[in-house]
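Raw contents of model_24.cif, mmCIF, C-alpha atoms:
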```
data_query
loop_
_atom_site.label_atom_id
_atom_site.label_comp_id
_atom_site.auth_asym_id
_atom_site.auth_seq_id
_atom_site.Cartn_x
_atom_site.Cartn_y
_atom_site.Cartn_z
CA MET A 1360 -14.71 34.12 16.55
CA ALA A 1361 -13.15 36.83 14.37
CA LEU A 1362 -9.93 36.04 12.53
CA ALA A 1363 -7.94 38.52 14.61
CA SER A 1364 -9.20 36.95 17.85
CA LYS A 1365 -8.28 33.48 16.60
CA LYS A 1366 -4.74 34.67 15.88
CA ARG A 1367 -4.41 36.20 19.37
CA VAL A 1368 -5.52 32.98 21.05
CA LEU A 1369 -3.12 30.95 18.95
CA MET A 1370 -0.12 33.18 19.54
CA THR A 1371 -0.60 33.30 23.34
CA ASP A 1372 -0.08 29.54 23.59
CA SER A 1373 3.53 29.23 24.82
CA ALA A 1374 3.93 25.74 23.37
CA THR A 1375 2.75 27.01 20.00
CA LEU A 1376 5.18 29.91 20.16
CA ALA A 1377 8.05 27.53 20.82
CA VAL A 1378 7.10 25.35 17.89
CA ARG A 1379 6.69 28.38 15.63
CA ARG A 1380 10.33 29.32 16.30
CA ILE A 1381 11.32 25.94 14.81
CA PHE A 1382 8.69 25.93 12.02
CA PRO A 1383 8.63 29.56 10.84
CA THR A 1384 6.26 28.83 7.94
CA TRP A 1385 2.63 27.85 8.42
CA SER A 1386 3.06 24.89 6.06
CA GLY A 1387 5.88 23.51 8.21
CA PHE A 1388 3.84 24.09 11.36
CA ALA A 1389 0.84 22.31 9.85
CA LEU A 1390 3.05 19.35 8.98
CA PHE A 1391 4.34 19.25 12.56
CA LYS A 1392 0.81 19.34 13.98
CA GLY A 1393 -0.25 16.48 11.74
CA LEU A 1394 2.73 14.35 12.74
CA ARG A 1395 2.21 15.16 16.43
CA ARG A 1396 -1.26 13.63 16.28
CA THR A 1397 -0.02 10.44 14.60
CA PRO A 1398 -0.05 7.41 16.96
CA ALA A 1399 3.34 6.06 17.97
CA ARG A 1400 2.94 2.88 15.93
CA CYS A 1401 1.15 4.12 12.85
CA LEU A 1402 1.95 2.50 9.51
CA SER A 1403 1.26 3.30 5.91
CA LEU A 1404 1.14 0.16 3.80
CA ALA A 1405 2.53 -0.38 0.29
CA LEU A 1406 0.89 -3.59 -0.95
CA GLN A 1407 2.39 -5.30 -3.98
CA GLY A 1408 0.00 -7.02 -6.37
CA GLY A 1409 0.45 -10.53 -7.66
CA GLY A 1410 -2.83 -12.19 -8.60
CA ALA A 1411 -3.73 -15.09 -6.32
CA GLN A 1412 -0.51 -14.49 -4.40
CA GLY A 1413 -2.34 -11.56 -2.85
CA ALA A 1414 -3.62 -14.13 -0.34
CA PHE A 1415 -0.15 -13.90 1.23
CA THR A 1416 -0.88 -10.20 1.85
CA TRP A 1417 -4.23 -11.22 3.34
CA GLY A 1418 -2.30 -13.23 5.92
CA VAL A 1419 0.03 -10.31 6.65
CA LEU A 1420 -2.88 -7.90 7.13
CA ASP A 1421 -4.71 -10.42 9.31
CA ALA A 1422 -1.73 -10.65 11.66
CA LEU A 1423 -1.24 -6.87 11.78
CA LEU A 1424 -4.92 -6.35 12.60
CA GLU A 1425 -4.56 -8.65 15.60
CA ASP A 1426 -2.08 -6.23 17.19
CA PRO A 1427 -4.10 -3.40 18.78
CA SER A 1428 -0.99 -1.24 19.17
CA ILE A 1429 -0.70 -0.74 15.40
CA ALA A 1430 -2.65 2.02 13.67
CA PHE A 1431 -2.90 2.62 9.93
CA ASP A 1432 -2.74 5.76 7.82
CA GLY A 1433 -2.46 5.19 4.06
CA LEU A 1434 -2.68 2.09 1.85
CA SER A 1435 -1.28 1.98 -1.67
CA GLY A 1436 -1.66 -0.91 -4.08
CA SER A 1437 -2.34 -2.20 -7.54
CA GLY A 1438 -3.96 -5.46 -8.63
CA SER A 1439 -4.50 -7.78 -5.69
CA GLY A 1440 -2.77 -5.18 -3.52
CA ALA A 1441 -5.53 -2.72 -4.38
CA MET A 1442 -8.23 -5.33 -3.75
CA ASN A 1443 -6.79 -6.06 -0.31
CA ALA A 1444 -6.60 -2.34 0.51
CA VAL A 1445 -10.22 -1.67 -0.50
CA VAL A 1446 -11.59 -4.75 1.29
CA PHE A 1447 -9.53 -3.77 4.35
CA ALA A 1448 -11.04 -0.26 4.40
CA ASP A 1449 -14.58 -1.47 3.77
CA GLY A 1450 -14.36 -4.05 6.57
CA TRP A 1451 -12.96 -1.47 8.98
CA VAL A 1452 -15.80 0.95 8.22
CA LYS A 1453 -18.31 -1.82 8.96
CA GLY A 1454 -16.72 -3.27 12.08
CA GLY A 1455 -13.28 -1.92 13.00
CA ARG A 1456 -10.36 -4.34 13.19
CA GLU A 1457 -12.49 -7.45 13.39
CA GLY A 1458 -14.63 -6.18 10.55
CA ALA A 1459 -11.52 -5.78 8.39
CA ARG A 1460 -10.33 -9.30 9.26
CA GLN A 1461 -13.74 -10.77 8.47
CA GLY A 1462 -14.04 -8.83 5.24
CA LEU A 1463 -10.69 -10.13 4.00
CA ALA A 1464 -11.60 -13.70 4.99
CA ASP A 1465 -14.96 -13.49 3.21
CA PHE A 1466 -13.44 -11.96 0.08
CA TRP A 1467 -10.71 -14.56 -0.35
CA ALA A 1468 -13.12 -17.39 0.47
CA GLU A 1469 -15.24 -16.25 -2.49
CA ILE A 1470 -12.16 -15.97 -4.72
CA GLY A 1471 -11.25 -19.54 -3.80
CA LYS A 1472 -14.59 -20.87 -5.06
CA HIS A 1473 -13.57 -20.11 -8.64
CA THR A 1474 -11.04 -22.14 -10.57
CA PRO A 1475 -8.81 -20.75 -13.33
CA SER A 1476 -10.80 -22.67 -15.97
CA GLU A 1477 -13.93 -20.77 -15.02
CA ARG A 1478 -12.57 -17.33 -15.79
CA SER A 1479 -13.03 -15.62 -19.12
CA PRO A 1480 -9.98 -13.60 -20.22
CA PHE A 1481 -12.21 -10.80 -21.51
CA ASN A 1482 -14.89 -10.80 -18.84
CA LEU A 1483 -14.53 -9.43 -15.32
CA ASN A 1484 -18.19 -9.91 -14.44
CA ALA A 1485 -17.56 -12.51 -11.71
CA LEU A 1486 -15.17 -10.21 -9.85
CA ARG A 1487 -17.45 -7.21 -10.43
CA ASP A 1488 -20.37 -9.11 -8.90
CA LEU A 1489 -18.27 -10.10 -5.89
CA LEU A 1490 -17.07 -6.54 -5.32
CA ASN A 1491 -20.57 -5.11 -5.57
CA ARG A 1492 -21.94 -7.75 -3.18
CA GLN A 1493 -19.31 -7.27 -0.52
CA ILE A 1494 -18.06 -3.67 -0.76
CA ASP A 1495 -20.24 -0.71 0.15
CA PHE A 1496 -18.38 1.70 -2.12
CA GLU A 1497 -20.58 4.68 -1.33
CA ARG A 1498 -19.88 4.25 2.37
CA VAL A 1499 -16.16 3.79 1.84
CA ARG A 1500 -16.05 6.97 -0.25
CA ARG A 1501 -17.66 8.87 2.62
CA LEU A 1502 -16.20 7.24 5.70
CA SER A 1503 -12.91 5.54 4.91
CA PRO A 1504 -10.58 6.15 7.88
CA PHE A 1505 -7.58 5.56 5.63
CA LYS A 1506 -6.05 7.31 2.66
CA LEU A 1507 -6.26 4.91 -0.27
CA PHE A 1508 -4.24 4.97 -3.50
CA VAL A 1509 -5.37 2.51 -6.19
CA GLY A 1510 -2.89 2.31 -9.04
CA THR A 1511 -4.07 2.17 -12.66
CA VAL A 1512 -2.68 3.25 -16.03
CA GLN A 1513 -4.50 5.23 -18.71
CA ALA A 1514 -4.72 2.75 -21.57
CA ASN A 1515 -4.23 5.34 -24.34
CA THR A 1516 -1.45 7.45 -22.83
CA GLY A 1517 0.37 5.07 -20.47
CA LYS A 1518 0.17 7.64 -17.68
CA LEU A 1519 -0.17 6.51 -14.08
CA ARG A 1520 -3.55 7.33 -12.53
CA LEU A 1521 -4.01 6.94 -8.79
CA PHE A 1522 -7.63 6.80 -7.64
CA ARG A 1523 -8.27 8.01 -4.10
CA GLU A 1524 -10.71 6.71 -1.49
CA THR A 1525 -13.27 9.39 -2.47
CA GLU A 1526 -13.31 8.07 -6.06
CA LEU A 1527 -13.65 4.34 -5.41
CA SER A 1528 -16.01 2.11 -7.34
CA ALA A 1529 -16.08 -1.46 -8.57
CA GLN A 1530 -14.86 -0.16 -11.94
CA VAL A 1531 -11.78 1.39 -10.33
CA VAL A 1532 -10.81 -1.86 -8.61
CA LEU A 1533 -11.45 -3.83 -11.80
CA ALA A 1534 -9.24 -1.45 -13.76
CA SER A 1535 -6.45 -2.03 -11.28
CA VAL A 1536 -6.50 -5.80 -11.93
CA CYS A 1537 -7.12 -5.52 -15.69
CA LEU A 1538 -3.98 -6.93 -17.34
CA PRO A 1539 -3.61 -5.78 -20.96
CA LYS A 1540 -2.79 -9.25 -22.32
CA ILE A 1541 -5.78 -10.87 -20.63
CA HIS A 1542 -8.61 -8.35 -20.21
CA LEU A 1543 -10.07 -5.48 -22.16
CA ALA A 1544 -9.46 -2.07 -20.58
CA VAL A 1545 -12.08 -0.80 -18.14
CA GLU A 1546 -13.86 2.46 -18.91
CA ILE A 1547 -14.27 5.03 -16.14
CA ALA A 1548 -15.83 8.44 -16.88
CA GLY A 1549 -15.06 8.14 -20.57
CA GLU A 1550 -11.41 7.09 -20.13
CA CYS A 1551 -10.04 3.55 -20.44
CA TYR A 1552 -7.77 2.19 -17.72
CA ARG A 1553 -5.82 -1.00 -17.14
CA ALA A 1554 -3.74 -2.51 -14.36
CA GLY A 1555 -0.99 -0.32 -12.95
CA SER A 1556 1.30 -3.27 -12.25
CA ASP A 1557 4.16 -1.93 -14.36
CA LEU A 1558 3.95 1.64 -12.99
CA ALA A 1559 2.55 1.23 -9.48
CA ASN A 1560 3.28 -2.14 -7.96
CA PRO A 1561 3.10 -0.59 -5.49
CA THR A 1562 3.72 3.14 -5.70
CA VAL A 1563 5.28 4.59 -2.54
CA LEU A 1564 5.47 8.30 -3.38
CA PRO A 1565 1.92 9.20 -2.26
CA LEU A 1566 2.66 7.69 1.14
CA LEU A 1567 5.42 10.29 1.43
CA TYR A 1568 3.48 13.29 0.10
CA ASP A 1569 -0.07 12.68 1.29
CA CYS A 1570 0.18 10.73 4.55
CA ASP A 1571 1.03 11.79 8.09
CA SER A 1572 2.71 8.56 9.17
CA GLN A 1573 6.46 8.51 8.74
CA ASP A 1574 6.60 4.70 8.77
CA VAL A 1575 6.00 2.77 5.54
CA LEU A 1576 5.64 -1.01 5.58
CA LEU A 1577 6.40 -2.67 2.24
CA VAL A 1578 4.49 -5.94 1.76
CA LEU A 1579 6.19 -7.65 -1.18
CA LEU A 1580 5.29 -10.79 -3.11
CA SER A 1581 8.38 -10.91 -5.30
CA PRO A 1582 11.69 -11.55 -3.45
CA LEU A 1583 14.18 -8.71 -3.83
CA GLN A 1584 17.10 -11.12 -3.78
CA PRO A 1585 16.12 -14.44 -5.41
CA THR A 1586 18.44 -17.30 -4.50
CA THR A 1587 17.80 -19.42 -7.60
CA THR A 1588 18.60 -18.84 -11.26
CA PRO A 1589 15.78 -19.56 -13.73
CA ARG A 1590 16.73 -22.31 -16.20
CA THR A 1591 13.61 -23.50 -17.99
CA ALA A 1592 11.68 -21.36 -20.45
CA GLN A 1593 8.76 -21.16 -18.01
CA GLU A 1594 11.04 -20.08 -15.15
CA VAL A 1595 12.72 -17.45 -17.33
CA GLU A 1596 9.34 -16.07 -18.42
CA ALA A 1597 8.10 -15.92 -14.81
CA ARG A 1598 11.28 -14.16 -13.63
CA THR A 1599 11.15 -11.70 -16.53
CA MET A 1600 7.55 -10.85 -15.69
CA ALA A 1601 8.38 -10.39 -12.01
CA LEU A 1602 11.26 -8.07 -12.86
CA ALA A 1603 9.11 -6.06 -15.27
CA PHE A 1604 6.29 -5.61 -12.77
CA GLY A 1605 8.75 -4.59 -10.05
CA ALA A 1606 10.95 -2.26 -12.10
CA HIS A 1607 9.08 0.98 -11.37
CA PHE A 1608 8.81 0.15 -7.67
CA LEU A 1609 12.57 -0.51 -7.54
CA ARG A 1610 13.26 2.83 -9.24
CA GLU A 1611 11.04 4.62 -6.72
CA MET A 1612 12.78 2.97 -3.79
CA ARG A 1613 16.21 3.67 -5.28
CA MET A 1614 15.18 7.32 -5.51
CA PHE A 1615 14.15 7.24 -1.84
CA ALA A 1616 17.47 5.68 -0.86
CA TYR A 1617 19.53 8.27 -2.73
CA ALA A 1618 17.34 11.19 -1.64
CA HIS A 1619 17.51 10.05 1.97
CA ALA A 1620 21.29 9.88 1.77
CA PHE A 1621 21.62 13.39 0.35
CA ALA A 1622 18.80 15.15 2.23
CA ASP A 1623 19.81 17.96 4.58
CA PRO A 1624 19.43 16.55 8.12
CA THR A 1625 19.12 19.95 9.85
CA VAL A 1626 15.67 21.15 10.87
CA LEU A 1627 16.45 24.86 10.59
CA THR A 1628 18.06 24.92 7.14
CA GLY A 1629 16.60 21.88 5.43
CA SER A 1630 13.52 22.20 3.25
CA ARG A 1631 10.23 20.61 4.20
CA LEU A 1632 10.98 17.77 1.74
CA ASP A 1633 14.45 17.30 3.26
CA GLN A 1634 12.91 17.00 6.71
CA ARG A 1635 10.30 14.54 5.47
CA LEU A 1636 12.86 12.37 3.68
CA GLN A 1637 15.16 12.33 6.70
CA ASN A 1638 12.30 11.29 8.97
CA MET A 1639 10.84 8.55 6.76
CA ARG A 1640 11.27 5.04 8.15
CA PHE A 1641 10.90 1.90 6.07
CA HIS A 1642 9.96 -1.63 7.07
CA MET A 1643 9.44 -4.74 4.97
CA ILE A 1644 7.62 -8.07 5.01
CA ASP A 1645 8.23 -10.29 2.00
CA THR A 1646 7.71 -13.89 1.05
CA GLY A 1647 11.30 -14.80 1.87
CA GLN A 1648 12.04 -18.10 0.22
CA GLN A 1649 8.56 -19.58 0.63
CA ALA A 1650 8.51 -22.25 -2.05
CA SER A 1651 4.78 -22.06 -2.76
CA VAL A 1652 4.69 -18.32 -3.40
CA HIS A 1653 5.50 -18.00 -7.10
CA PHE A 1654 4.91 -14.50 -8.44
CA SER A 1655 2.51 -14.42 -11.36
CA ASP A 1656 0.19 -11.50 -11.88
CA THR A 1657 -1.56 -13.38 -14.69
CA THR A 1658 -3.12 -16.06 -12.48
CA PRO A 1659 -5.82 -14.12 -10.63
CA LEU A 1660 -7.81 -17.13 -9.43
CA ALA A 1661 -6.78 -20.18 -7.40
CA PRO A 1662 -8.55 -22.87 -5.33
CA THR A 1663 -9.17 -22.37 -1.62
CA PRO A 1664 -6.47 -24.74 -0.21
CA TYR A 1665 -3.74 -22.86 -2.05
CA LEU A 1666 -5.06 -19.49 -0.87
CA GLU A 1667 -5.25 -20.73 2.72
CA GLN A 1668 -1.65 -21.91 2.47
CA LEU A 1669 -0.57 -18.48 1.24
CA ARG A 1670 -2.51 -16.82 4.05
CA ALA A 1671 -0.76 -19.01 6.62
CA GLN A 1672 2.62 -18.10 5.15
CA GLY A 1673 1.73 -14.41 5.25
CA ARG A 1674 0.73 -14.68 8.90
CA GLU A 1675 3.98 -16.50 9.66
CA GLN A 1676 6.14 -13.84 8.01
CA ALA A 1677 4.16 -11.06 9.69
CA ALA A 1678 4.48 -12.74 13.09
CA HIS A 1679 8.24 -12.90 12.63
CA TRP A 1680 8.35 -9.20 11.70
CA LEU A 1681 6.15 -8.23 14.66
CA SER A 1682 8.34 -10.18 17.05
CA ALA A 1683 11.62 -8.84 15.71
CA HIS A 1684 10.88 -5.35 14.42
CA VAL A 1685 7.59 -3.80 15.56
CA SER A 1686 9.41 -1.97 18.35
CA GLY A 1687 11.22 0.02 15.66
CA VAL A 1688 8.01 1.56 14.32
CA GLY A 1689 8.02 5.22 15.24
CA ARG A 1690 11.75 5.16 16.01
CA GLU A 1691 13.87 3.73 13.17
CA SER A 1692 13.85 1.88 9.87
CA THR A 1693 13.98 -1.88 10.24
CA VAL A 1694 15.08 -2.55 6.66
CA ASP A 1695 18.24 -1.21 5.05
CA ILE A 1696 16.98 0.49 1.90
CA GLN A 1697 20.56 1.26 0.83
CA LYS A 1698 21.32 -2.47 0.84
CA TYR A 1699 18.23 -3.60 -1.05
CA PHE A 1700 17.64 -0.74 -3.48
CA THR A 1701 21.00 0.79 -4.44
#
```
Spit out the file's structure as structure tokens when you get a sec.
Amino acid sequence: MALASKKRVLMTDSATLAVRRIFPTWSGFALFKGLRRTPARCLSLALQGGGAQGAFTWGVLDALLEDPSIAFDGLSGSGSGAMNAVVFADGWVKGGREGARQGLADFWAEIGKHTPSERSPFNLNALRDLLNRQIDFERVRRLSPFKLFVGTVQANTGKLRLFRETELSAQVVLASVCLPKIHLAVEIAGECYRAGSDLANPTVLPLLYDCDSQDVLLVLLSPLQPTTTPRTAQEVEARTMALAFGAHFLREMRMFAYAHAFADPTVLTGSRLDQRLQNMRFHMIDTGQQASVHFSDTTPLAPTPYLEQLRAQGREQAAHWLSAHVSGVGRESTVDIQKYFT
């Protein structure tokens, strides 16, 4: 069909004409069309990394996958958050929801077979072998139904580098878990990369700019409001590390909170960004005060019983959120970002 004919067909649609009066620019209309197709309960996920504590996120994802009313759009993560996101996408490509659940279970079962004493601080071969055995990266690059954002940092410049689903490889995932004090940087296409924990743990901005869903679920491993004060040297070191790894995420969320407060709420006069900020809805599942979930991004391996305990706690927290807040998805935020981030 000629371009002129296409335009005539489009402009004779009365519903389209009505929408065009509200969205006078084609970019605004395209955004509206994308949002209109988004399922009512569609989430983008921001998955915080935390070494073995990522098994808590496994439990959260497992519970979410059990609810057929929930759809997924984008997944952002670094470290174990990135591993969970990639395994999630690979499992879904292979077998839908149940495939994703099985993929996560298989992955963490393999992780649990290794003990911390077996890992070499300068050798990621065991994890590379596991990723290559389980993940069909070529298929994920072609067929991933989700937008993926794997956070890394360029080792020489300190710049954040987000790898997308079309760029995924075992090297990309390894770079995302490659802590500078423990592992050598991972080379990808001539550049060296390391974990993005201090700049993207997780990063939320791409879920605003590149995803259709207006609902973002934050899955956090480090409590935003700790109830205890660290007293021993080990506790102080752990808290300092947790604060350092979460600092960039907190700045991003503070920016969202302030921008949301000052965005123009009117559709006709507000910019596209104003409209997007006003319409964004945030939700959160965190560890609460679970005693066994101690944030440490430098302990990537743990025995199976501990991982299973974390998974159970993640499922418990997710079940509570689903019972209390899932009805808000598509309608309203269920976490007060002004309270937690300003």
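Comparing the minimum interatomic distances between Ala1671 in chain A and each of A:Thr1646, A:Thr1693, A:Gln1530, A:Thr1516, counting all atoms listed in the file, we find that A:Thr1646 sits nearest.
Compared by their closest atoms to Leu1533 in chain A, and using all atoms listed in the file, the residues A:Ser1437, A:Gln1697, A:Thr1562, A:Gln1461 rank with A:Ser1437 nearest.
Near (-1.8, -19.0, -1.6), the residues inside the 10 Å limit, counting only C-alpha atoms, come to Gly1410, Ala1411, Gln1412, Gly1413, Ala1414, Phe1415, Thr1416, Trp1417, Gly1418, Gly1471, Ser1651, Val1652, His1653, Ala1661, Pro1662, Thr1663, Pro1664, Tyr1665, Leu1666, Glu1667, Gln1668, Leu1669, Arg1670, Ala1671, Gln1672 and Gly1673 of chain A.
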Exercise for the section: Tell me which protein, DNA and RNA residues are within 6 Å of Cys1401 in chain A, counting all atoms listed in the file, leaving out same-chain ones fewer than 2 positions away, and put them as a ChimeraX atom specification. Expected result: /A:1398-1399,1429-1431,1572
Please, could you write that set of residues out with C-alpha atoms as a compact mmCIF listing (two decimals), in the coordinates of the input?
```
# COMPACT_ATOMS: atom_id res chain seq x y z
CA PRO A 1398 -0.05 7.41 16.96
CA ALA A 1399 3.34 6.06 17.97
CA ILE A 1429 -0.70 -0.74 15.40
CA ALA A 1430 -2.65 2.02 13.67
CA PHE A 1431 -2.90 2.62 9.93
CA SER A 1572 2.71 8.56 9.17
```
Exercise for the section: Dig up all the protein and nucleic acid residues within 10 Å of (-19.1, 3.6, -15.6) in the file frame, using all atoms listed in the file, and format them as a PyMOL selection string. Expected result: chain A and resi 1528-1531+1545-1550
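Minimum atom-to-atom distance to Leu1486 in chain A, evaluated using all atoms listed in the file, belongs to A:Ser1439 out of A:Gln1513, A:Ser1503, A:Thr1587, A:Ser1439.
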Problem - Test item: the PyMOL selection byres ((chain A and resi 1462) around 8) resolved as a VMD selection string - result: chain A and resid 1446 to 1447 1449 to 1450 1458 to 1461 1463 to 1466 1493
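In this model, the gap between CA of Gly1440 in chain A and CA of Arg1523 in chain A comes to 14.3 Å.
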Hits of the PyMOL selection byres ((chain A and resi 1436) around 12) in this structure, as a PDB file with C-alpha atoms, in the coordinates of the input:
```pdb
ATOM      1  CA  SER A1403       1.260   3.300   5.910  1.00  0.00           C
ATOM      2  CA  LEU A1404       1.140   0.160   3.800  1.00  0.00           C
ATOM      3  CA  ALA A1405       2.530  -0.380   0.290  1.00  0.00           C
ATOM      4  CA  LEU A1406       0.890  -3.590  -0.950  1.00  0.00           C
ATOM      5  CA  GLN A1407       2.390  -5.300  -3.980  1.00  0.00           C
ATOM      6  CA  GLY A1408       0.000  -7.020  -6.370  1.00  0.00           C
ATOM      7  CA  GLY A1409       0.450 -10.530  -7.660  1.00  0.00           C
ATOM      8  CA  GLY A1413      -2.340 -11.560  -2.850  1.00  0.00           C
ATOM      9  CA  THR A1416      -0.880 -10.200   1.850  1.00  0.00           C
ATOM     10  CA  GLY A1433      -2.460   5.190   4.060  1.00  0.00           C
ATOM     11  CA  LEU A1434      -2.680   2.090   1.850  1.00  0.00           C
ATOM     12  CA  SER A1435      -1.280   1.980  -1.670  1.00  0.00           C
ATOM     13  CA  SER A1437      -2.340  -2.200  -7.540  1.00  0.00           C
ATOM     14  CA  GLY A1438      -3.960  -5.460  -8.630  1.00  0.00           C
ATOM     15  CA  SER A1439      -4.500  -7.780  -5.690  1.00  0.00           C
ATOM     16  CA  GLY A1440      -2.770  -5.180  -3.520  1.00  0.00           C
ATOM     17  CA  ALA A1441      -5.530  -2.720  -4.380  1.00  0.00           C
ATOM     18  CA  MET A1442      -8.230  -5.330  -3.750  1.00  0.00           C
ATOM     19  CA  ASN A1443      -6.790  -6.060  -0.310  1.00  0.00           C
ATOM     20  CA  ALA A1444      -6.600  -2.340   0.510  1.00  0.00           C
ATOM     21  CA  VAL A1445     -10.220  -1.670  -0.500  1.00  0.00           C
ATOM     22  CA  VAL A1446     -11.590  -4.750   1.290  1.00  0.00           C
ATOM     23  CA  PHE A1447      -9.530  -3.770   4.350  1.00  0.00           C
ATOM     24  CA  LYS A1506      -6.050   7.310   2.660  1.00  0.00           C
ATOM     25  CA  LEU A1507      -6.260   4.910  -0.270  1.00  0.00           C
ATOM     26  CA  PHE A1508      -4.240   4.970  -3.500  1.00  0.00           C
ATOM     27  CA  VAL A1509      -5.370   2.510  -6.190  1.00  0.00           C
ATOM     28  CA  GLY A1510      -2.890   2.310  -9.040  1.00  0.00           C
ATOM     29  CA  THR A1511      -4.070   2.170 -12.660  1.00  0.00           C
ATOM     30  CA  ARG A1520      -3.550   7.330 -12.530  1.00  0.00           C
ATOM     31  CA  LEU A1521      -4.010   6.940  -8.790  1.00  0.00           C
ATOM     32  CA  PHE A1522      -7.630   6.800  -7.640  1.00  0.00           C
ATOM     33  CA  ARG A1523      -8.270   8.010  -4.100  1.00  0.00           C
ATOM     34  CA  VAL A1532     -10.810  -1.860  -8.610  1.00  0.00           C
ATOM     35  CA  SER A1535      -6.450  -2.030 -11.280  1.00  0.00           C
ATOM     36  CA  VAL A1536      -6.500  -5.800 -11.930  1.00  0.00           C
ATOM     37  CA  ALA A1554      -3.740  -2.510 -14.360  1.00  0.00           C
ATOM     38  CA  GLY A1555      -0.990  -0.320 -12.950  1.00  0.00           C
ATOM     39  CA  SER A1556       1.300  -3.270 -12.250  1.00  0.00           C
ATOM     40  CA  ASP A1557       4.160  -1.930 -14.360  1.00  0.00           C
ATOM     41  CA  LEU A1558       3.950   1.640 -12.990  1.00  0.00           C
ATOM     42  CA  ALA A1559       2.550   1.230  -9.480  1.00  0.00           C
ATOM     43  CA  ASN A1560       3.280  -2.140  -7.960  1.00  0.00           C
ATOM     44  CA  PRO A1561       3.100  -0.590  -5.490  1.00  0.00           C
ATOM     45  CA  THR A1562       3.720   3.140  -5.700  1.00  0.00           C
ATOM     46  CA  VAL A1563       5.280   4.590  -2.540  1.00  0.00           C
ATOM     47  CA  LEU A1564       5.470   8.300  -3.380  1.00  0.00           C
ATOM     48  CA  PRO A1565       1.920   9.200  -2.260  1.00  0.00           C
ATOM     49  CA  LEU A1566       2.660   7.690   1.140  1.00  0.00           C
ATOM     50  CA  LEU A1577       6.400  -2.670   2.240  1.00  0.00           C
ATOM     51  CA  VAL A1578       4.490  -5.940   1.760  1.00  0.00           C
ATOM     52  CA  LEU A1579       6.190  -7.650  -1.180  1.00  0.00           C
ATOM     53  CA  PHE A1608       8.810   0.150  -7.670  1.00  0.00           C
TER      54      PHE A1608
END
```
Handout entry: Residues matched by the PyMOL selection byres ((chain A and resi 1689) around 6), written as a ChimeraX atom specification
Key = /A:1399-1400,1688,1690
Generate a file of the selected residues that holds C-alpha atoms, formatted as a PDB file, keeping the file's coordinate frame.
```
ATOM      1  CA  ALA A1399       3.340   6.060  17.970  1.00  0.00           C
ATOM      2  CA  ARG A1400       2.940   2.880  15.930  1.00  0.00           C
ATOM      3  CA  VAL A1688       8.010   1.560  14.320  1.00  0.00           C
ATOM      4  CA  ARG A1690      11.750   5.160  16.010  1.00  0.00           C
TER       5      ARG A1690
END
```
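In terms of minimum interatomic distance to Leu1576 in chain A, A:Asp1645 ranks closest within A:Asp1645, A:Glu1675, A:Glu1469, A:Asp1495, counting all atoms listed in the file.
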Problem - Closest of A:Asn1484, A:Ile1644, A:Ala1677, A:Tyr1568 to Ser1581 in chain A - atom-to-atom distances counting only C-alpha atoms - result: A:Ile1644
Problem - Atomic separation - CA of Gln1676 in chain A relative to CA of Tyr1617 in chain A, Å - result: 28.0 Å
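Atom pair CA of Arg1610 in chain A / CA of Phe1700 in chain A: separated by 8.1 Å.
The closest residue to Leu1423 in chain A, picked from A:Ala1678, A:Ser1686, A:Asp1695, A:Asp1574 and counting only C-alpha atoms, is A:Ala1678.
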